[in-house]
>>> print(open('coords.cif').read())   # mmCIF, C-alpha atoms
data_data
loop_
_atom_site.label_atom_id
_atom_site.label_comp_id
_atom_site.auth_asym_id
_atom_site.auth_seq_id
_atom_site.Cartn_x
_atom_site.Cartn_y
_atom_site.Cartn_z
CA MET A 1 22.67 19.00 -8.13
CA ARG A 2 24.84 15.95 -8.66
CA TYR A 3 25.92 15.93 -4.99
CA TRP A 4 22.41 16.59 -3.72
CA LYS A 5 21.33 13.33 -5.33
CA TYR A 6 23.82 11.45 -3.15
CA VAL A 7 22.69 13.40 -0.08
CA ILE A 8 19.06 12.44 -0.73
CA ALA A 9 19.98 8.80 -1.24
CA ALA A 10 22.10 8.65 1.93
CA ALA A 11 19.44 10.46 3.96
CA ALA A 12 16.68 8.11 2.80
CA ILE A 13 18.67 4.98 3.64
CA SER A 14 19.79 6.36 7.01
CA LEU A 15 16.32 7.50 8.04
CA ALA A 16 14.77 4.18 7.01
CA ALA A 17 17.36 2.28 9.04
CA ILE A 18 16.78 4.52 12.10
CA LEU A 19 13.01 4.02 11.85
CA LEU A 20 13.47 0.28 11.60
CA TYR A 21 15.62 0.31 14.74
CA ARG A 22 13.23 2.60 16.66
CA THR A 23 10.23 0.46 15.77
CA LEU A 24 11.86 -2.82 16.76
CA SER A 25 13.54 -1.40 19.87
CA ARG A 26 10.14 -0.85 21.48
CA TYR A 27 9.76 -4.60 21.82
CA SER A 28 11.98 -7.33 23.15
CA LEU A 29 12.91 -10.28 20.99
CA ASP A 30 10.69 -12.46 23.17
CA GLN A 31 7.71 -10.15 22.55
CA LEU A 32 8.27 -10.23 18.81
CA ILE A 33 8.54 -14.00 18.76
CA ALA A 34 5.50 -14.41 21.02
CA ALA A 35 3.39 -12.06 18.87
CA VAL A 36 4.20 -13.96 15.70
CA ALA A 37 3.77 -17.35 17.41
CA ALA A 38 0.30 -16.35 18.69
CA VAL A 39 -0.96 -16.10 15.11
CA PRO A 40 -1.72 -19.51 13.56
CA GLY A 41 0.43 -20.52 10.61
CA PRO A 42 -2.35 -20.32 8.00
CA ARG A 43 -3.30 -16.80 9.18
CA LEU A 44 0.33 -15.69 9.12
CA LEU A 45 0.83 -17.07 5.62
CA GLY A 46 -2.39 -15.39 4.55
CA ALA A 47 -1.17 -12.06 5.94
CA PHE A 48 2.14 -12.40 4.07
CA GLY A 49 0.30 -13.38 0.89
CA PHE A 50 -2.06 -10.40 1.00
CA ALA A 51 0.83 -8.05 1.83
CA ALA A 52 2.74 -9.34 -1.20
CA ALA A 53 -0.39 -8.94 -3.35
CA SER A 54 -0.75 -5.35 -2.13
CA TYR A 55 2.82 -4.42 -3.05
CA LEU A 56 2.38 -6.15 -6.39
CA SER A 57 -0.70 -4.04 -7.12
CA LEU A 58 1.21 -0.94 -6.02
CA THR A 59 3.73 -1.50 -8.81
CA PHE A 60 0.96 -0.78 -11.31
CA PHE A 61 0.51 2.69 -9.78
CA ASP A 62 3.88 3.65 -11.27
CA TYR A 63 3.41 1.60 -14.43
CA LEU A 64 0.19 3.49 -15.26
CA ALA A 65 1.71 6.80 -14.16
CA LEU A 66 4.55 6.41 -16.65
CA TYR A 67 2.00 6.03 -19.44
CA TYR A 68 0.23 9.11 -18.10
CA VAL A 69 3.40 11.20 -18.55
CA LYS A 70 4.04 9.53 -21.92
CA ARG A 71 7.33 8.06 -20.76
CA PRO A 72 6.50 4.34 -20.44
CA LEU A 73 9.21 2.04 -19.09
CA PRO A 74 9.42 -1.76 -18.95
CA TYR A 75 7.39 -3.18 -16.09
CA PRO A 76 10.44 -4.50 -14.14
CA LYS A 77 11.85 -0.97 -13.91
CA ALA A 78 8.51 0.49 -12.81
CA ALA A 79 8.12 -2.32 -10.27
CA LEU A 80 11.63 -1.78 -8.85
CA ALA A 81 11.10 1.97 -8.45
CA SER A 82 7.61 1.53 -7.00
CA PHE A 83 8.46 -1.15 -4.44
CA THR A 84 11.65 0.55 -3.26
CA ALA A 85 9.99 3.97 -3.01
CA LEU A 86 6.85 2.77 -1.24
CA SER A 87 8.50 0.28 1.11
CA LEU A 88 10.56 3.21 2.42
CA GLY A 89 7.83 5.85 2.05
CA HIS A 90 5.26 3.83 4.02
CA ASN A 91 7.63 3.87 7.00
CA ILE A 92 9.21 7.31 6.69
CA GLY A 93 5.95 9.27 6.39
CA LEU A 94 5.27 12.35 4.23
CA ALA A 95 4.94 9.87 1.38
CA ALA A 96 4.86 12.46 -1.40
CA LEU A 97 8.31 13.68 -0.32
CA SER A 98 9.95 10.50 0.95
CA SER A 99 8.82 8.05 -1.72
CA GLY A 100 9.00 10.91 -4.22
CA ALA A 101 12.71 11.41 -3.49
CA VAL A 102 13.36 7.72 -4.08
CA ARG A 103 11.34 7.76 -7.29
CA TYR A 104 13.33 10.77 -8.41
CA ARG A 105 16.56 8.84 -7.95
CA PHE A 106 15.33 5.96 -10.13
CA TYR A 107 13.46 7.81 -12.84
CA THR A 108 16.11 10.46 -13.50
CA HIS A 109 18.57 7.60 -14.04
CA TRP A 110 16.19 6.34 -16.71
CA GLY A 111 15.78 9.64 -18.55
CA LEU A 112 12.71 11.25 -17.00
CA LYS A 113 12.75 14.97 -16.29
CA THR A 114 11.92 16.47 -12.92
CA ALA A 115 8.51 17.63 -14.17
CA ASP A 116 7.70 14.10 -15.33
CA VAL A 117 8.65 12.64 -11.93
CA ALA A 118 6.45 15.23 -10.22
CA LYS A 119 3.50 14.18 -12.40
CA VAL A 120 4.16 10.52 -11.58
CA ILE A 121 4.05 11.35 -7.86
CA VAL A 122 0.76 13.26 -8.23
CA PHE A 123 -0.78 10.49 -10.34
CA CYS A 124 0.14 7.87 -7.72
CA GLY A 125 -1.20 10.08 -4.93
CA VAL A 126 -4.53 10.44 -6.73
CA THR A 127 -4.63 6.66 -7.19
CA VAL A 128 -4.18 6.20 -3.44
CA GLY A 129 -7.08 8.55 -2.76
CA LEU A 130 -9.34 6.81 -5.27
CA GLY A 131 -8.60 3.44 -3.72
CA LEU A 132 -9.38 4.66 -0.21
CA LEU A 133 -12.65 6.22 -1.37
CA VAL A 134 -13.86 3.11 -3.19
CA LEU A 135 -12.97 0.70 -0.38
CA GLY A 136 -14.35 2.99 2.31
CA GLY A 137 -17.54 3.77 0.40
CA GLY A 138 -18.18 0.13 -0.40
CA ALA A 139 -17.63 -0.96 3.21
CA LEU A 140 -19.91 1.78 4.56
CA LEU A 141 -22.74 0.91 2.18
CA LEU A 142 -22.47 -2.88 2.28
CA ARG A 143 -22.08 -3.11 6.05
CA SER A 144 -23.76 0.08 7.22
CA GLY A 145 -24.92 -1.55 10.46
CA LEU A 146 -21.40 -2.58 11.36
CA ALA A 147 -20.11 0.87 10.44
CA MET A 148 -22.73 2.41 12.73
CA GLU A 149 -21.63 0.16 15.57
CA ILE A 150 -17.95 0.95 15.05
CA THR A 151 -18.23 4.71 14.51
CA GLY A 152 -21.34 5.54 16.54
CA LEU A 153 -22.84 7.46 13.61
CA SER A 154 -26.49 7.23 12.55
CA ARG A 155 -27.51 5.17 9.52
CA PRO A 156 -28.35 8.20 7.30
CA VAL A 157 -24.93 9.70 8.02
CA VAL A 158 -23.14 6.41 7.31
CA LEU A 159 -25.05 5.93 4.05
CA ALA A 160 -24.42 9.54 3.01
CA LEU A 161 -20.71 9.16 3.71
CA GLY A 162 -20.59 5.91 1.75
CA ALA A 163 -22.41 7.43 -1.22
CA GLY A 164 -20.16 10.49 -1.09
CA CYS A 165 -17.03 8.35 -1.07
CA LEU A 166 -18.17 6.49 -4.21
CA ALA A 167 -19.42 9.66 -5.92
CA LEU A 168 -15.94 11.19 -6.04
CA PRO A 169 -14.31 8.35 -8.06
CA ALA A 170 -17.37 8.36 -10.33
CA LEU A 171 -16.92 12.10 -10.86
CA TYR A 172 -13.23 11.53 -11.59
CA LEU A 173 -14.07 8.95 -14.25
CA GLY A 174 -16.66 11.28 -15.74
CA LEU A 175 -14.17 14.13 -15.98
CA SER A 176 -11.60 11.80 -17.56
CA ALA A 177 -14.15 10.88 -20.22
CA VAL A 178 -15.11 14.43 -21.23
CA VAL A 179 -12.37 16.86 -20.18
CA ARG A 180 -9.56 17.36 -22.67
CA THR A 181 -7.97 20.54 -21.29
CA PRO A 182 -6.09 20.84 -17.97
CA LEU A 183 -8.26 21.66 -14.95
CA ARG A 184 -7.21 24.78 -13.06
CA ILE A 185 -7.67 24.98 -9.29
CA ARG A 186 -6.25 28.32 -8.16
CA ARG A 187 -2.54 28.11 -9.01
CA TRP A 188 -2.62 24.37 -9.71
CA THR A 189 -3.33 22.63 -12.98
CA LEU A 190 -4.29 18.99 -13.37
CA GLU A 191 -4.23 17.14 -16.66
CA MET A 192 -6.95 14.51 -16.61
CA PRO A 193 -5.75 11.08 -17.77
CA PRO A 194 -7.51 9.23 -20.60
CA LEU A 195 -10.53 7.23 -19.45
CA LYS A 196 -8.69 3.89 -19.73
CA LEU A 197 -5.93 5.09 -17.41
CA ALA A 198 -8.48 6.56 -14.99
CA ILE A 199 -10.32 3.23 -14.84
CA GLY A 200 -6.98 1.54 -14.21
CA GLN A 201 -6.33 3.95 -11.34
CA VAL A 202 -9.66 3.19 -9.70
CA LEU A 203 -9.16 -0.56 -10.11
CA VAL A 204 -5.58 -0.88 -8.87
CA GLY A 205 -6.13 1.66 -6.09
CA SER A 206 -9.15 -0.26 -4.81
CA ILE A 207 -7.48 -3.65 -5.20
CA ASN A 208 -4.42 -2.46 -3.29
CA PHE A 209 -6.39 -1.33 -0.24
CA ALA A 210 -8.59 -4.40 -0.39
CA PHE A 211 -5.42 -6.49 -0.06
CA VAL A 212 -4.06 -4.35 2.79
CA ALA A 213 -7.35 -4.69 4.67
CA ALA A 214 -7.25 -8.44 4.02
CA CYS A 215 -3.72 -8.57 5.47
CA LEU A 216 -4.92 -6.80 8.62
CA HIS A 217 -8.00 -9.02 8.78
CA GLN A 218 -5.86 -12.17 8.70
CA ALA A 219 -3.89 -10.92 11.70
CA LEU A 220 -6.92 -9.77 13.71
CA ALA A 221 -8.98 -12.87 12.92
CA ALA A 222 -6.43 -14.94 14.82
CA VAL A 223 -7.77 -13.57 18.13
CA ALA A 224 -11.08 -11.82 17.35
CA ASP A 225 -14.22 -12.68 15.43
CA VAL A 226 -14.27 -9.72 13.05
CA ALA A 227 -15.80 -9.43 9.59
CA TYR A 228 -13.61 -8.44 6.65
CA LEU A 229 -15.74 -5.42 5.73
CA GLY A 230 -15.63 -4.25 9.34
CA VAL A 231 -11.85 -4.43 9.30
CA ALA A 232 -11.85 -2.64 5.92
CA SER A 233 -13.93 0.21 7.37
CA VAL A 234 -11.63 0.50 10.38
CA TYR A 235 -8.50 0.39 8.24
CA VAL A 236 -9.76 3.16 5.94
CA ILE A 237 -10.35 5.37 9.00
CA ALA A 238 -6.98 4.44 10.51
CA ASN A 239 -5.09 4.95 7.26
CA ALA A 240 -6.76 8.30 6.59
CA THR A 241 -5.78 9.38 10.12
CA ALA A 242 -2.19 8.26 9.55
CA LEU A 243 -2.01 10.11 6.23
CA VAL A 244 -3.28 13.32 7.82
CA SER A 245 -0.91 13.02 10.80
CA HIS A 246 2.12 12.18 8.61
CA VAL A 247 3.46 9.97 11.42
CA PRO A 248 6.17 7.68 9.96
CA GLY A 249 4.47 4.45 8.96
CA GLY A 250 1.39 5.53 10.90
CA LEU A 251 3.39 4.25 13.90
CA GLY A 252 1.01 4.12 16.86
CA VAL A 253 -1.78 5.84 14.91
CA ILE A 254 -3.06 2.75 13.11
CA GLU A 255 -2.78 0.68 16.27
CA SER A 256 -4.60 3.29 18.38
CA VAL A 257 -7.47 3.73 15.93
CA VAL A 258 -7.94 -0.02 15.44
CA MET A 259 -7.88 -0.71 19.19
CA TYR A 260 -10.35 2.14 19.81
CA LEU A 261 -12.80 1.12 17.11
CA LEU A 262 -12.44 -2.62 17.80
CA PRO A 263 -12.02 -2.71 21.59
CA GLN A 264 -10.33 -6.01 22.43
CA ASN A 265 -7.74 -6.64 25.11
CA ASP A 266 -5.60 -8.93 23.00
CA LEU A 267 -5.20 -7.00 19.73
CA ILE A 268 -1.65 -5.76 20.29
CA GLY A 269 -0.13 -9.06 19.17
CA PRO A 270 -1.99 -9.23 15.84
CA LEU A 271 -1.35 -5.52 15.26
CA LEU A 272 2.35 -6.09 15.84
CA VAL A 273 2.24 -8.97 13.36
CA PHE A 274 0.49 -6.73 10.81
CA ARG A 275 3.15 -4.05 11.23
CA PHE A 276 5.90 -6.64 10.94
CA VAL A 277 4.40 -8.23 7.81
CA TYR A 278 3.23 -5.13 5.94
CA PHE A 279 5.76 -2.49 7.03
CA LEU A 280 8.94 -3.91 8.48
CA VAL A 281 9.65 -6.82 6.12
CA PRO A 282 9.17 -4.62 3.00
CA LEU A 283 11.25 -1.89 4.69
CA VAL A 284 14.21 -4.26 5.10
CA LEU A 285 13.87 -5.42 1.49
CA GLY A 286 13.51 -1.82 0.29
CA ILE A 287 16.65 -0.69 2.12
CA ILE A 288 18.64 -3.55 0.60
CA LEU A 289 17.31 -2.88 -2.92
CA PHE A 290 17.93 0.85 -2.68
CA ALA A 291 21.46 0.39 -1.33
CA VAL A 292 22.33 -2.17 -4.02
CA THR A 293 20.94 -0.08 -6.89
CA GLU A 294 22.73 3.04 -5.61
CA LEU A 295 25.99 1.08 -5.49
CA VAL A 296 25.44 -0.26 -9.01
CA TYR A 297 24.68 3.18 -10.46
CA ARG A 298 27.62 4.80 -8.70
CA ARG A 299 29.98 2.16 -10.12
CA ARG A 300 28.52 2.65 -13.59
CA ALA A 301 28.90 6.42 -13.29
CA ALA A 302 32.50 6.01 -12.15
CA ALA A 303 33.22 3.59 -15.01
CA TYR A 304 31.92 6.05 -17.63
CA SER A 305 33.39 9.22 -16.11
CA PRO A 306 36.18 11.04 -18.02
CA GLY A 307 38.64 10.29 -15.23
CA ALA A 308 38.01 6.59 -15.61
CA ASP A 309 38.67 6.80 -19.36
CA ILE A 310 41.99 8.58 -18.75
CA GLU A 311 43.04 5.99 -16.19
CA ALA A 312 42.08 3.19 -18.57
CA LYS A 313 44.21 4.71 -21.37
CA ALA A 314 47.12 5.20 -19.05
#
>>> encode(input="coords.cif", output="structure tokens")
Amino acid sequence: MRYWKYVIAAAAISLAAILLYRTLSRYSLDQLIAAVAAVPGPRLLGAFGFAAASYLSLTFFDYLALYYVKRPLPYPKAALASFTALSLGHNIGLAALSSGAVRYRFYTHWGLKTADVAKVIVFCGVTVGLGLLVLGGGALLLRSGLAMEITGLSRPVVLALGAGCLALPALYLGLSAVVRTPLRIRRWTLEMPPLKLAIGQVLVGSINFAFVAACLHQALAAVADVAYLGVASVYVIANATALVSHVPGGLGVIESVVMYLLPQNDLIGPLLVFRFVYFLVPLVLGIILFAVTELVYRRRAAAYSPGADIEAKA
């Protein structure tokens, strides 16, 4: 088991680096520079700001999850594990496995058991779903006309979908308020969190996706006159498609869905900027953080190993 930990760590870093190379190799340096230069400075800064705000809100996914498993850790530790895991997981795909493996590396160092880490992963996954439902439902109801234009669905269908999206988080909160025993769904059991934690999940999940949609809106607004709620609706559809497809980082999926639902000839530049700001910059930072922390923990382990003590005495 000890050696498998190193294998997982090396595989995660290697795969992330390969994905970074494959993504960037599709474009020349001139294309990358031109895409970024085409977006006005204020829009680019806004995109970076909303991306940073999204990753900041994501750190509270783990912070709340640690309270859910009754193993709370200081916020800086939760934030480090969350950012590193998600900056890699967003790009690798199969987030439950990829970001889960990185979380496992961090949290087992800090005393959590495998079962606790698994519960943290499930809790964060549920928070993602709640956020998507709230943002999507709100966008469908508040801008139903725009949603009809984008999707081609009738108004009753759009309104029903919006109401259904919001009904599920409401049901989740209701169950958290009244259910005290684990829910059983076939072979699976789910322990409902206390109502305060459930409310926190809904809030941070919704805020996170609101910031991601705002990041995409800043990039698209540089070349197209699009409303924020319209972009939010499109992003929810694109993100749901990427999650289902498990394509690493939604590479090509998000771009294809956005370009299909918002047909413009000049969207590739802003979409490239969005991918650069929200995926690639955090990926580089995540790789560096993960590599540094692995190096630190390996040195600490070597320093406290019996062999090191014998050498020190000698």
>>> closest_residue(input="coords.cif", among="A:Leu166, A:Leu161, A:Ile288, A:Val212", to="Met148 in chain A", atoms="all atoms listed in the file")
A:Leu161
>>> axis_aligned_box(input="coords.cif", around="range 52-56 of chain A", padding_each_side="8 Å", output="JSON")
{"center_x": 1.0, "center_y": -6.9, "center_z": -3.8, "size_x": 19.6, "size_y": 20.9, "size_z": 21.2}
>>> closest_residue(input="coords.cif", among="A:Phe276, A:Leu146, A:Ser154, A:Ala38", to="Ala227 in chain A", atoms="only C-alpha atoms")
A:Leu146
>>> resolve_selection(input="coords.cif", expression="the PyMOL selection byres ((chain A and resi 140) around 9)", output="NGL selection string")
:A and (135-139 or 141-148 or 158-159 or 161-163 or 229-230 or 233)
>>> write_last_selection(input="coords.cif", atoms="C-alpha atoms", output="JSON list (two decimals), keeping the file's coordinate frame")
[["chain", "number", "residue", "atom", "x", "y", "z"],
["A", 135, "LEU", "CA", -12.97, 0.70, -0.38],
["A", 136, "GLY", "CA", -14.35, 2.99, 2.31],
["A", 137, "GLY", "CA", -17.54, 3.77, 0.40],
["A", 138, "GLY", "CA", -18.18, 0.13, -0.40],
["A", 139, "ALA", "CA", -17.63, -0.96, 3.21],
["A", 141, "LEU", "CA", -22.74, 0.91, 2.18],
["A", 142, "LEU", "CA", -22.47, -2.88, 2.28],
["A", 143, "ARG", "CA", -22.08, -3.11, 6.05],
["A", 144, "SER", "CA", -23.76, 0.08, 7.22],
["A", 145, "GLY", "CA", -24.92, -1.55, 10.46],
["A", 146, "LEU", "CA", -21.40, -2.58, 11.36],
["A", 147, "ALA", "CA", -20.11, 0.87, 10.44],
["A", 148, "MET", "CA", -22.73, 2.41, 12.73],
["A", 158, "VAL", "CA", -23.14, 6.41, 7.31],
["A", 159, "LEU", "CA", -25.05, 5.93, 4.05],
["A", 161, "LEU", "CA", -20.71, 9.16, 3.71],
["A", 162, "GLY", "CA", -20.59, 5.91, 1.75],
["A", 163, "ALA", "CA", -22.41, 7.43, -1.22],
["A", 229, "LEU", "CA", -15.74, -5.42, 5.73],
["A", 230, "GLY", "CA", -15.63, -4.25, 9.34],
["A", 233, "SER", "CA", -13.93, 0.21, 7.37]]
>>> resolve_selection(input="coords.cif", expression="the PyMOL selection byres ((chain A and resi 121) around 9)", output="JSON, numbers by chain")
{"A": [62, 65, 96, 97, 99, 100, 103, 116, 117, 118, 119, 120, 122, 123, 124, 125, 126]}
>>> atom_distance(input="coords.cif", atom1="CA of Gly205 in chain A", atom2="CA of Phe60 in chain A")
9.1 Å
>>> atom_distance(input="coords.cif", atom1="CA of Ala198 in chain A", atom2="CA of Ala210 in chain A")
18.3 Å
>>> closest_residue(input="coords.cif", among="A:Thr293, A:Gly49, A:Ala224, A:Arg298", to="Ala81 in chain A", atoms="all atoms listed in the file")
A:Thr293
>>> residues_near_point(input="coords.cif", point="(-2.6, 0.4, 0.0)", cutoff="9 Å", atoms="all atoms listed in the file", output="number ranges by chain")
A: 54-55, 57-58, 128, 131-132, 205-213, 239
